[in-house]
$ cat model-v2.cif   # mmCIF, C-alpha atoms
data_entry
#
loop_
_atom_site.group_PDB
_atom_site.id
_atom_site.type_symbol
_atom_site.label_atom_id
_atom_site.label_comp_id
_atom_site.auth_asym_id
_atom_site.auth_seq_id
_atom_site.Cartn_x
_atom_site.Cartn_y
_atom_site.Cartn_z
ATOM 1 C CA MET M 20 97.900 96.177 78.797
ATOM 2 C CA LYS M 21 100.230 99.117 79.361
ATOM 3 C CA LEU M 22 102.666 96.817 81.171
ATOM 4 C CA VAL M 23 103.030 94.637 78.086
ATOM 5 C CA LYS M 24 103.728 97.730 76.007
ATOM 6 C CA ASP M 25 106.356 98.847 78.506
ATOM 7 C CA ILE M 26 108.100 95.480 78.164
ATOM 8 C CA ASP M 27 108.186 95.835 74.383
ATOM 9 C CA ASN M 28 109.605 99.347 74.632
ATOM 10 C CA ASN M 29 112.437 98.089 76.836
ATOM 11 C CA GLN M 30 113.629 95.707 74.156
ATOM 12 C CA ASN M 31 116.548 96.793 72.026
ATOM 13 C CA SER M 32 115.461 97.880 68.564
ATOM 14 C CA LYS M 33 118.581 96.120 67.265
ATOM 15 C CA LYS M 34 118.910 92.518 68.381
ATOM 16 C CA ILE M 35 122.281 92.002 70.046
ATOM 17 C CA SER M 36 123.727 88.538 69.539
ATOM 18 C CA ASP M 37 125.348 86.466 72.274
ATOM 19 C CA LYS M 38 128.617 86.742 70.362
ATOM 20 C CA GLU M 39 128.471 90.541 70.366
ATOM 21 C CA ALA M 40 127.782 90.552 74.102
ATOM 22 C CA GLU M 41 130.705 88.188 74.705
ATOM 23 C CA GLU M 42 133.008 90.509 72.763
ATOM 24 C CA ALA M 43 131.848 93.416 74.903
ATOM 25 C CA PHE M 44 132.776 91.515 78.057
ATOM 26 C CA LYS M 45 136.198 90.730 76.571
ATOM 27 C CA THR M 46 136.680 94.467 76.126
ATOM 28 C CA ILE M 47 135.716 95.086 79.758
ATOM 29 C CA LEU M 48 138.184 92.427 80.940
ATOM 30 C CA ALA M 49 140.956 94.128 78.984
ATOM 31 C CA TRP M 50 139.889 97.537 80.359
ATOM 32 C CA MET M 51 140.198 96.081 83.895
ATOM 33 C CA GLY M 52 143.799 95.172 83.160
ATOM 34 C CA GLU M 53 143.218 91.473 82.542
ATOM 35 C CA ASP M 54 144.229 89.324 79.596
ATOM 36 C CA PRO M 55 141.010 87.860 78.097
ATOM 37 C CA SER M 56 143.065 85.249 76.250
ATOM 38 C CA ARG M 57 144.580 83.625 79.324
ATOM 39 C CA GLU M 58 143.328 80.142 80.160
ATOM 40 C CA GLY M 59 141.265 81.041 83.216
ATOM 41 C CA LEU M 60 139.314 83.718 81.335
ATOM 42 C CA LEU M 61 138.753 82.072 77.956
ATOM 43 C CA GLU M 62 135.201 80.962 78.820
ATOM 44 C CA THR M 63 134.388 83.852 81.156
ATOM 45 C CA PRO M 64 132.589 86.071 78.597
ATOM 46 C CA LYS M 65 130.354 83.172 77.604
ATOM 47 C CA ARG M 66 129.622 82.348 81.247
ATOM 48 C CA VAL M 67 128.830 85.990 82.045
ATOM 49 C CA VAL M 68 126.394 86.212 79.125
ATOM 50 C CA LYS M 69 124.677 83.053 80.351
ATOM 51 C CA ALA M 70 124.499 84.468 83.889
ATOM 52 C CA PHE M 71 123.118 87.809 82.657
ATOM 53 C CA LYS M 72 120.338 85.970 80.829
ATOM 54 C CA GLU M 73 119.294 84.606 84.212
ATOM 55 C CA TYR M 74 119.820 87.840 86.146
ATOM 56 C CA PHE M 75 117.707 89.870 83.704
ATOM 57 C CA LYS M 76 115.179 87.377 82.359
ATOM 58 C CA GLY M 77 112.353 89.559 83.642
ATOM 59 C CA TYR M 78 112.571 91.742 80.530
ATOM 60 C CA LYS M 79 111.196 88.848 78.493
ATOM 61 C CA GLU M 80 108.382 87.934 80.900
ATOM 62 C CA ASP M 81 104.909 89.433 81.236
ATOM 63 C CA PRO M 82 103.660 89.710 84.855
ATOM 64 C CA ILE M 83 100.064 90.087 83.659
ATOM 65 C CA GLN M 84 100.172 86.614 82.128
ATOM 66 C CA VAL M 85 101.500 85.231 85.415
ATOM 67 C CA LEU M 86 98.283 86.389 87.100
ATOM 68 C CA ASP M 87 95.976 85.349 84.284
ATOM 69 C CA LYS M 88 94.425 82.333 86.036
ATOM 70 C CA THR M 89 92.350 82.948 89.179
ATOM 71 C CA PHE M 90 90.011 80.829 91.298
ATOM 72 C CA GLY M 91 86.535 81.648 92.558
ATOM 73 C CA ASP M 92 85.808 78.546 94.652
ATOM 74 C CA VAL M 93 86.969 80.027 97.961
ATOM 75 C CA ASP M 94 83.592 80.221 99.746
ATOM 76 C CA GLY M 95 83.555 84.008 99.675
ATOM 77 C CA TYR M 96 86.904 84.540 101.427
ATOM 78 C CA ASP M 97 87.440 88.314 101.522
ATOM 79 C CA ASP M 98 90.160 88.963 104.115
ATOM 80 C CA MET M 99 93.782 89.728 103.331
ATOM 81 C CA VAL M 100 96.116 87.097 101.909
ATOM 82 C CA ILE M 101 99.738 87.646 102.960
ATOM 83 C CA GLN M 102 102.833 85.979 101.558
ATOM 84 C CA LYS M 103 105.948 86.692 103.599
ATOM 85 C CA ASN M 104 109.669 86.257 103.088
ATOM 86 C CA ILE M 105 109.726 86.133 99.283
ATOM 87 C CA SER M 106 113.390 86.272 98.309
ATOM 88 C CA VAL M 107 114.431 89.276 96.230
ATOM 89 C CA GLN M 108 117.530 89.131 94.045
ATOM 90 C CA SER M 109 117.814 92.109 91.759
ATOM 91 C CA HIS M 110 120.386 94.598 90.436
ATOM 92 C CA CYS M 111 120.422 98.357 90.890
ATOM 93 C CA GLU M 112 120.233 100.321 87.667
ATOM 94 C CA HIS M 113 122.924 102.795 88.728
ATOM 95 C CA HIS M 114 125.874 100.453 89.324
ATOM 96 C CA MET M 115 124.431 97.058 88.299
ATOM 97 C CA ALA M 116 125.296 95.839 91.800
ATOM 98 C CA PRO M 117 123.138 93.184 93.501
ATOM 99 C CA ILE M 118 120.103 94.020 95.622
ATOM 100 C CA ILE M 119 119.449 91.169 98.046
ATOM 101 C CA GLY M 120 116.517 90.964 100.430
ATOM 102 C CA LYS M 121 112.959 89.820 100.913
ATOM 103 C CA ALA M 122 109.471 90.987 100.043
ATOM 104 C CA HIS M 123 106.157 90.697 101.852
ATOM 105 C CA VAL M 124 103.050 90.908 99.681
ATOM 106 C CA ALA M 125 99.386 91.119 100.671
ATOM 107 C CA TYR M 126 96.137 91.576 98.783
ATOM 108 C CA ILE M 127 92.436 91.621 99.614
ATOM 109 C CA PRO M 128 90.558 89.442 97.092
ATOM 110 C CA ASN M 129 87.558 90.658 95.180
ATOM 111 C CA GLU M 130 85.645 87.358 94.856
ATOM 112 C CA ARG M 131 88.573 85.542 93.223
ATOM 113 C CA VAL M 132 92.055 84.538 94.402
ATOM 114 C CA VAL M 133 95.264 83.697 92.575
ATOM 115 C CA GLY M 134 97.586 80.730 93.106
ATOM 116 C CA LEU M 135 100.047 81.463 95.902
ATOM 117 C CA SER M 136 103.105 80.779 93.755
ATOM 118 C CA LYS M 137 102.001 83.522 91.370
ATOM 119 C CA LEU M 138 102.549 86.215 93.996
ATOM 120 C CA ALA M 139 106.186 85.209 94.327
ATOM 121 C CA ARG M 140 106.420 84.924 90.557
ATOM 122 C CA VAL M 141 105.386 88.557 90.066
ATOM 123 C CA VAL M 142 108.086 89.614 92.519
ATOM 124 C CA GLU M 143 110.552 87.514 90.524
ATOM 125 C CA VAL M 144 109.599 88.994 87.136
ATOM 126 C CA PHE M 145 110.132 92.579 88.234
ATOM 127 C CA SER M 146 113.223 91.723 90.306
ATOM 128 C CA LYS M 147 114.970 90.266 87.269
ATOM 129 C CA ARG M 148 115.388 93.694 85.698
ATOM 130 C CA LEU M 149 117.596 96.671 86.462
ATOM 131 C CA GLN M 150 115.757 98.361 89.309
ATOM 132 C CA THR M 151 115.436 100.922 92.023
ATOM 133 C CA GLN M 152 113.837 99.474 95.137
ATOM 134 C CA GLU M 153 111.182 102.164 95.172
ATOM 135 C CA ARG M 154 110.046 101.402 91.625
ATOM 136 C CA LEU M 155 110.208 97.655 92.212
ATOM 137 C CA THR M 156 107.879 97.990 95.204
ATOM 138 C CA MET M 157 105.371 100.055 93.227
ATOM 139 C CA GLN M 158 105.469 97.841 90.131
ATOM 140 C CA ILE M 159 104.604 94.755 92.145
ATOM 141 C CA ALA M 160 101.758 96.529 93.955
ATOM 142 C CA ASN M 161 100.247 98.188 90.880
ATOM 143 C CA THR M 162 100.377 94.960 88.880
ATOM 144 C CA LEU M 163 98.643 92.920 91.580
ATOM 145 C CA MET M 164 96.019 95.603 92.120
ATOM 146 C CA GLY M 165 95.158 95.874 88.442
ATOM 147 C CA ALA M 166 95.437 92.274 87.312
ATOM 148 C CA LEU M 167 93.518 90.842 90.278
ATOM 149 C CA ASP M 168 90.996 93.682 90.568
ATOM 150 C CA ALA M 169 91.889 93.503 94.250
ATOM 151 C CA LYS M 170 90.234 95.546 96.984
ATOM 152 C CA GLY M 171 93.653 96.426 98.308
ATOM 153 C CA VAL M 172 97.354 95.603 97.983
ATOM 154 C CA ALA M 173 100.348 96.080 100.285
ATOM 155 C CA VAL M 174 103.984 95.441 99.393
ATOM 156 C CA THR M 175 107.048 95.730 101.627
ATOM 157 C CA ILE M 176 110.639 95.147 100.550
ATOM 158 C CA ASP M 177 113.576 94.991 102.979
ATOM 159 C CA SER M 178 116.925 94.643 101.236
ATOM 160 C CA THR M 179 120.642 95.309 101.169
ATOM 161 C CA HIS M 180 122.155 97.245 98.263
ATOM 162 C CA GLN M 181 125.690 96.189 97.450
ATOM 163 C CA CYS M 182 126.235 99.463 95.595
ATOM 164 C CA MET M 183 126.532 101.024 99.072
ATOM 165 C CA THR M 184 127.818 98.087 101.132
ATOM 166 C CA MET M 185 130.704 97.013 98.854
ATOM 167 C CA ARG M 186 131.574 100.390 97.328
ATOM 168 C CA GLY M 187 131.013 104.082 97.947
ATOM 169 C CA ILE M 188 130.014 104.712 101.550
ATOM 170 C CA LYS M 189 130.562 101.012 102.454
ATOM 171 C CA LYS M 190 128.001 100.708 105.230
ATOM 172 C CA GLU M 191 127.784 96.912 105.442
ATOM 173 C CA GLN M 192 124.906 96.746 107.921
ATOM 174 C CA ALA M 193 122.613 99.230 106.168
ATOM 175 C CA THR M 194 119.285 97.934 104.887
ATOM 176 C CA THR M 195 116.507 99.730 103.025
ATOM 177 C CA VAL M 196 112.776 99.258 103.634
ATOM 178 C CA THR M 197 110.078 100.429 101.200
ATOM 179 C CA ASN M 198 106.297 100.131 101.547
ATOM 180 C CA TYR M 199 103.481 100.765 99.083
ATOM 181 C CA TYR M 200 99.762 100.585 99.803
ATOM 182 C CA LEU M 201 96.760 100.640 97.500
ATOM 183 C CA GLY M 202 92.996 100.443 98.023
ATOM 184 C CA GLN M 203 91.832 99.449 101.505
ATOM 185 C CA PHE M 204 95.396 99.190 102.792
ATOM 186 C CA LYS M 205 95.878 102.881 102.000
ATOM 187 C CA GLU M 206 92.398 104.077 102.969
ATOM 188 C CA ASP M 207 91.892 102.107 106.182
ATOM 189 C CA LEU M 208 94.706 102.235 108.737
ATOM 190 C CA SER M 209 93.291 99.216 110.575
ATOM 191 C CA TYR M 210 94.157 97.046 107.545
ATOM 192 C CA GLN M 211 97.570 98.642 107.208
ATOM 193 C CA ASN M 212 98.371 98.237 110.903
ATOM 194 C CA ARG M 213 97.249 94.608 110.938
ATOM 195 C CA TYR M 214 99.380 93.890 107.873
ATOM 196 C CA LEU M 215 102.442 95.509 109.457
ATOM 197 C CA ARG M 216 101.877 93.597 112.687
ATOM 198 C CA LEU M 217 101.593 90.269 110.840
ATOM 199 C CA ILE M 218 104.833 90.780 108.886
ATOM 200 C CA SER M 219 106.786 92.312 111.756
ATOM 201 C CA ASN M 220 108.107 88.965 113.010
ATOM 202 C CA SER M 221 109.619 88.385 109.549
ATOM 203 C CA LYS M 222 111.754 91.521 109.591
ATOM 204 C CA ASP M 223 114.248 90.589 112.299
#

$ encode --input "model-v2.cif" --output "structure tokens"
Amino acid sequence: MKLVKDIDNNQNSKKISDKEAEEAFKTILAWMGEDPSREGLLETPKRVVKAFKEYFKGYKEDPIQVLDKTFGDVDGYDDMVIQKNISVQSHCEHHMAPIIGKAHVAYIPNERVVGLSKLARVVEVFSKRLQTQERLTMQIANTLMGALDAKGVAVTIDSTHQCMTMRGIKKEQATTVTNYYLGQFKEDLSYQNRYLRLISNSKD
């Protein structure tokens, strides 16, 4: 339930209207040296607000609810379930620049499993917020571990940060990999090694 509380705390105490947000983007356009009143930019603030609603919709979604429905009719399956190559599209909280990559997620069921699409959905919810890759990796893992009462969880994210490829140091080929293990994946290296081996052909 703490996750739900965290979502509430992230919400602005004062509701900002779309119109106010559009005016803010007009100010930014003028600060850049543009003329917000010229024809090509007249609808830009409205379009940017609409795009930001999509980029950051995760603030209004509860990942616990995504995992609410599970299934027990799996004939006692108790080995790892791995979902590879889940697309990640997020924004870094320091420069609001895109983070583009993929996630690999695994969990070891404890009698019940969750629908496969829900694993990708949890990645999506947390990705659609301002993030650091390290925190994103941990949030996904901790949520799956707690909500599914899993025996173990592993999460790997491999991504490119445009805050360092398009600006700053400008290293276009640099990628960042983060891993987080819980339960049996952390305690038993045989699980961890098998997981890494199974996802390795997805990290080319």

$ atom_distance --input "model-v2.cif" --atom1 "atom CA of M:Ala169" --atom2 "atom CA of M:Lys147"
24.3 Å

$ atom_distance --input "model-v2.cif" --atom1 "atom CA of M:Ala173" --atom2 "atom CA of M:Asn198"
7.3 Å

$ atom_distance --input "model-v2.cif" --atom1 "atom CA of M:Ser109" --atom2 "atom CA of M:Val142"
10.1 Å

$ residues_around --input "model-v2.cif" --residues "M:Val68" --least-positions-apart "3" --cutoff "8 Å" --atoms "all atoms listed in the file" --output "ChimeraX atom specification"
/M:37,40-41,64-65,71-72

$ write_last_selection --input "model-v2.cif" --atoms "C-alpha atoms" --output "PDB file, in the frame of the given file"
ATOM      1  CA  ASP M  37     125.348  86.466  72.274  1.00  0.00           C
ATOM      2  CA  ALA M  40     127.782  90.552  74.102  1.00  0.00           C
ATOM      3  CA  GLU M  41     130.705  88.188  74.705  1.00  0.00           C
ATOM      4  CA  PRO M  64     132.589  86.071  78.597  1.00  0.00           C
ATOM      5  CA  LYS M  65     130.354  83.172  77.604  1.00  0.00           C
ATOM      6  CA  PHE M  71     123.118  87.809  82.657  1.00  0.00           C
ATOM      7  CA  LYS M  72     120.338  85.970  80.829  1.00  0.00           C
TER       8      LYS M  72
END

$ resolve_selection --input "model-v2.cif" --expression "the PyMOL selection byres ((chain M and resi 124-130) around 7)" --output "list in words"
Gly91, Gly95, Asp97, Asp98, Met99, Val100, Ile101, Gln102, Lys103, Ala122, His123, Arg131, Val132, Asp168, Ala169, Lys170, Gly171, Val172, Ala173, Val174 and Thr175 of chain M
